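Student: If you scroll down you'll find the structure; I have some questions about it.
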Amino acid sequence: MNQPKKIQTSFNNRQILSLVKQYGSPIWVYNAKTINQKINTLRKFDIIRFAQKSCSNIHILRLLNKLNVQIDAVSLGEIERALLAGYKPEKDEIIFTADIFDKETLKKIIDLNITVNAGSIDMLEQLGKKSPGHRVWIRINPKFGHGHNNKTNTGGENSKHGIWNPELALPVIKKYKLHLVGLHMHIGSGVDYYHLKKVCSAMESCAILLNQNIQTISAGGGLPVPYKEKESPIDINNYFSLWNKTRKKISNYFGNNIKLEIEPGRFITAESGILITKVYVSKTTKNKKFILIDAGFNDLMRPVMYGSYHQISIITADNRILDYTRTMKTIIGGPICESGDIFTQNQQGEIEERDLPEIKIGDYIIFHNTGAYGSSMSSNYNTRPLIPEILIENNLPKIIRRKQTITELLQLEIDTY
Ligand code: LLP
């Protein structure tokens with residue numbers, strides 16, 4: 001696979017070098033301008049709701065709040081993040097989407113009166129018993145799904161998500177006088193037009209079958225972004241027009257104006273972010289070349305988890321000009337003590353070398369389109385602290401998460417006895 005000379009990015013080399021000089025390596029960097037641009041392409045939808053699991057830093061959430069984007073939370077922690085970012089539960093600025101409640105989360109939801117998008121009938125029961133009349137959505141499993149990977153397919157009989165027979169939710173809703181506000185379908189991440197048409201028509205028939213006085217339908221998230229060099233961006237107008245037709249049909253059927261909501265994560269932040277890493281080792285085995293960097297799969301997990309492809313660019317430390325006419329097959333790996341800690345691999349976990357120019361120790365390797373499911377999926381595996389996050393707003397870099405210290409990381413255990 002050939003690596004193009006120039007990768008489309010909103011960051012330039014000078015800026016990247018000055019960031020590593022200031023904040024070290026590895027670091028996550030986001031550009032607010034790109035986030036803003038992506039939001040603007042979605043303005044035709046009545047409500048844009050951000051799936052914060054994709055990038056949950058509270059400063060990113062604050063930025064989105066200023067841009068009039070509402071928020072989806074999937075855990076108590078995500079509710080707390082949304083509150084810290086200034087979101088108000090009473091105006092449905094926060095909606096809790098999940099398939100289960102734990103005790104603490106349910107209490108918070110009831111105390112703050114947060115609208116719930118229920119993915120199971122048991123949730124409706126548990127909520128209704130304690131908070132009759134609560135505002136709810138139901139998340140419907142349309143009995144099919146689609147994802148960029150089996151692990152991101154959220155519909156069909158193999159999915160734990162959503163309600164399989166939504167008509168069985170109605171007696172529970174009635175029993176507790178729950179206020180059914182909307183219907184929601186999210187079939188997975190990386191949706192294509194074929195599946196989109198199917199999900200639109202499933203929404204239409206489901207709304208008619210249930211025949212409830214709903215106010216809103218949600219198209220869920222899943223809008224793809226071009227990760228690979230040859231992929232093109234999704235046509236949002238086409239995406240909107242398919243959903244808008246569905247909304248109109250449902251509105252006409254019920255004789256009232258149903259609102260159309262969309263709930264992307266990746267589409268909003270993926271392209272705004274990069275991961276900057278530094279090269280520490282260059283080694284060869286029989287006939288393979290390995291470049292080892294200071295970020296591991298505890299930082300960027302997507303390649304290991306799904307075989308995800310992130311474009312790679314190189315910035316030289318010694319100002320040498322990269323020679324793209326003489327590339328070599330290169331494997332990029334991290335510092336984790338596990339052989340799978342390889343950023344250049346496919347869905348089967350097999351190594352996929354990239355054709356890259358000569359990389360030297362001290363150079364920087366940049367992973368592109370890592371603004372979604374990058375930092376938010378990081379872990380402390382190998383007792384590695386979480387790395388800093390930087391947001392560039394109006395050309396000014398601001399640190400929005402400092403590096404975790406090893407002392408902080410160990411404190412959870414030191415505190416026990
Ligand atoms: N709404 C619901 C109910 C979801 O479950 C998700 C994602 C989204 C919206 C946002 O999906 P997006 O627009 O970001 O594709 N870690 C995986 C993605 C898992 C997505 C889980 N749910 C990845 O790195 O690709």
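To be explicit about the labels: the chains of the structure tokens are called A, B, and onward in the order shown, and within each one the residues are counted from 1, while ligands get numbers from 1 in the order they are shown.
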Would you list the contacts of range 221-226 of chain A as number ranges by chain, taking every protein, DNA or RNA residue within 7 Å and counting only C-alpha atoms, but skipping same-chain residues closer than 3 positions in sequence?
Tutor: A: 186, 188-191, 231-234, 262-265, 267
Student: Just N, CA and C atoms for this one: save the residues we selected as a short mmCIF file (atom, residue, chain, number, x, y, z; two decimals), in the first residue's frame.
Tutor:
```cif
data_model
loop_
_atom_site.label_atom_id
_atom_site.label_comp_id
_atom_site.auth_asym_id
_atom_site.auth_seq_id
_atom_site.Cartn_x
_atom_site.Cartn_y
_atom_site.Cartn_z
N HIS A 186 -29.74 2.99 16.10
CA HIS A 186 -28.32 3.15 15.75
C HIS A 186 -27.82 1.76 15.40
N GLY A 188 -24.94 0.82 13.95
CA GLY A 188 -23.51 0.54 14.02
C GLY A 188 -22.68 1.69 13.50
N SER A 189 -21.36 1.51 13.58
CA SER A 189 -20.45 2.57 13.15
C SER A 189 -19.90 2.25 11.77
N GLY A 190 -19.99 3.22 10.87
CA GLY A 190 -19.48 3.02 9.52
C GLY A 190 -20.61 2.62 8.57
N VAL A 191 -21.76 3.28 8.73
CA VAL A 191 -22.95 2.93 7.95
C VAL A 191 -22.80 3.34 6.48
N GLU A 231 -10.48 6.71 0.35
CA GLU A 231 -11.89 6.81 0.73
C GLU A 231 -12.38 8.25 0.58
N SER A 232 -13.67 8.39 0.17
CA SER A 232 -14.18 9.77 0.07
C SER A 232 -15.15 10.05 1.20
N PRO A 233 -15.32 11.32 1.53
CA PRO A 233 -16.22 11.68 2.62
C PRO A 233 -17.66 11.35 2.27
N ILE A 234 -18.48 11.12 3.28
CA ILE A 234 -19.89 10.81 3.06
C ILE A 234 -20.62 12.07 2.56
N ILE A 262 -29.72 13.69 15.10
CA ILE A 262 -28.62 12.82 14.69
C ILE A 262 -27.61 12.76 15.82
N GLU A 263 -26.88 11.61 15.92
CA GLU A 263 -26.07 11.39 17.13
C GLU A 263 -24.67 10.85 16.81
N PRO A 264 -23.93 11.57 15.99
CA PRO A 264 -22.61 11.04 15.63
C PRO A 264 -21.55 11.32 16.69
N GLY A 265 -20.51 10.51 16.66
CA GLY A 265 -19.34 10.76 17.49
C GLY A 265 -18.19 11.03 16.55
N PHE A 267 -17.83 11.28 13.34
CA PHE A 267 -17.94 12.27 12.26
C PHE A 267 -17.54 13.66 12.75
#
```
Student: Need to verify the contact set: Phe367 in chain A, 12 Å, only C-alpha atoms, exclusion of same-chain residues closer than 2 positions in sequence. Can you return it as JSON, numbers by chain?
Tutor: {"A": [7, 9, 11, 26, 27, 28, 29, 227, 228, 270, 271, 272, 273, 274, 275, 276, 277, 278, 293, 295, 296, 299, 300, 302, 303, 308, 309, 310, 311, 312, 313, 314, 315, 332, 343, 344, 364, 365, 369, 370, 371, 374]}
Student: What is the CA of Leu183 in chain A to CA of Ile217 in chain A distance in Å?
Tutor: 4.9 Å
Student: Which residues of range 217-296 of chain A have any atom within 12 Å of an atom in range 130-144 of chain A when counting only C-alpha atoms, and what is the closest pair of atoms for each, with the distance in Å to one decimal? Order the rows by chain and rising number and write it as a Markdown table.
Tutor:
```
| residue | atom | partner | partner_atom | distance |
| --- | --- | --- | --- | --- |
| A:Ile217 | CA | A:Trp137 | CA | 9.0 |
| A:Ser218 | CA | A:Arg139 | CA | 9.1 |
| A:Ala219 | CA | A:Arg139 | CA | 10.5 |
| A:Gly220 | CA | A:Arg139 | CA | 9.4 |
```
Student: Could you tell me how far CA of Gly349 in chain A sits from CA of Gly333 in chain A, in Å to one decimal place?
Tutor: 13.0 Å
Student: Return the single residue from A:Thr152, A:Asn12, A:Asn346, A:Ser375 that is closest to ligand 1, with distances computed using only C-alpha atoms and all ligand atoms.
Tutor: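 Of A:Thr152, A:Asn12, A:Asn346, A:Ser375, the one nearest ligand 1 is A:Thr152, counting only C-alpha atoms and all ligand atoms.
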Student: Write out as a PyMOL selection string each polymer residue whose atoms come within 9 Å of range 37-46 of chain A, counting only C-alpha atoms; drop sequence neighbours fewer than 2 positions from it.
Tutor: chain A and resi 32-35+48+64+67+69+236-237+240+244+259-262+267-269+271
Student: Considering only C-alpha atoms and all ligand atoms, state which residue in the set A:Gly340, A:Pro335, A:Gly128, A:Gly119 is at the smallest distance from ligand 1.
Tutor: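 With only C-alpha atoms and all ligand atoms as the atom set, the closest residue is A:Gly119.
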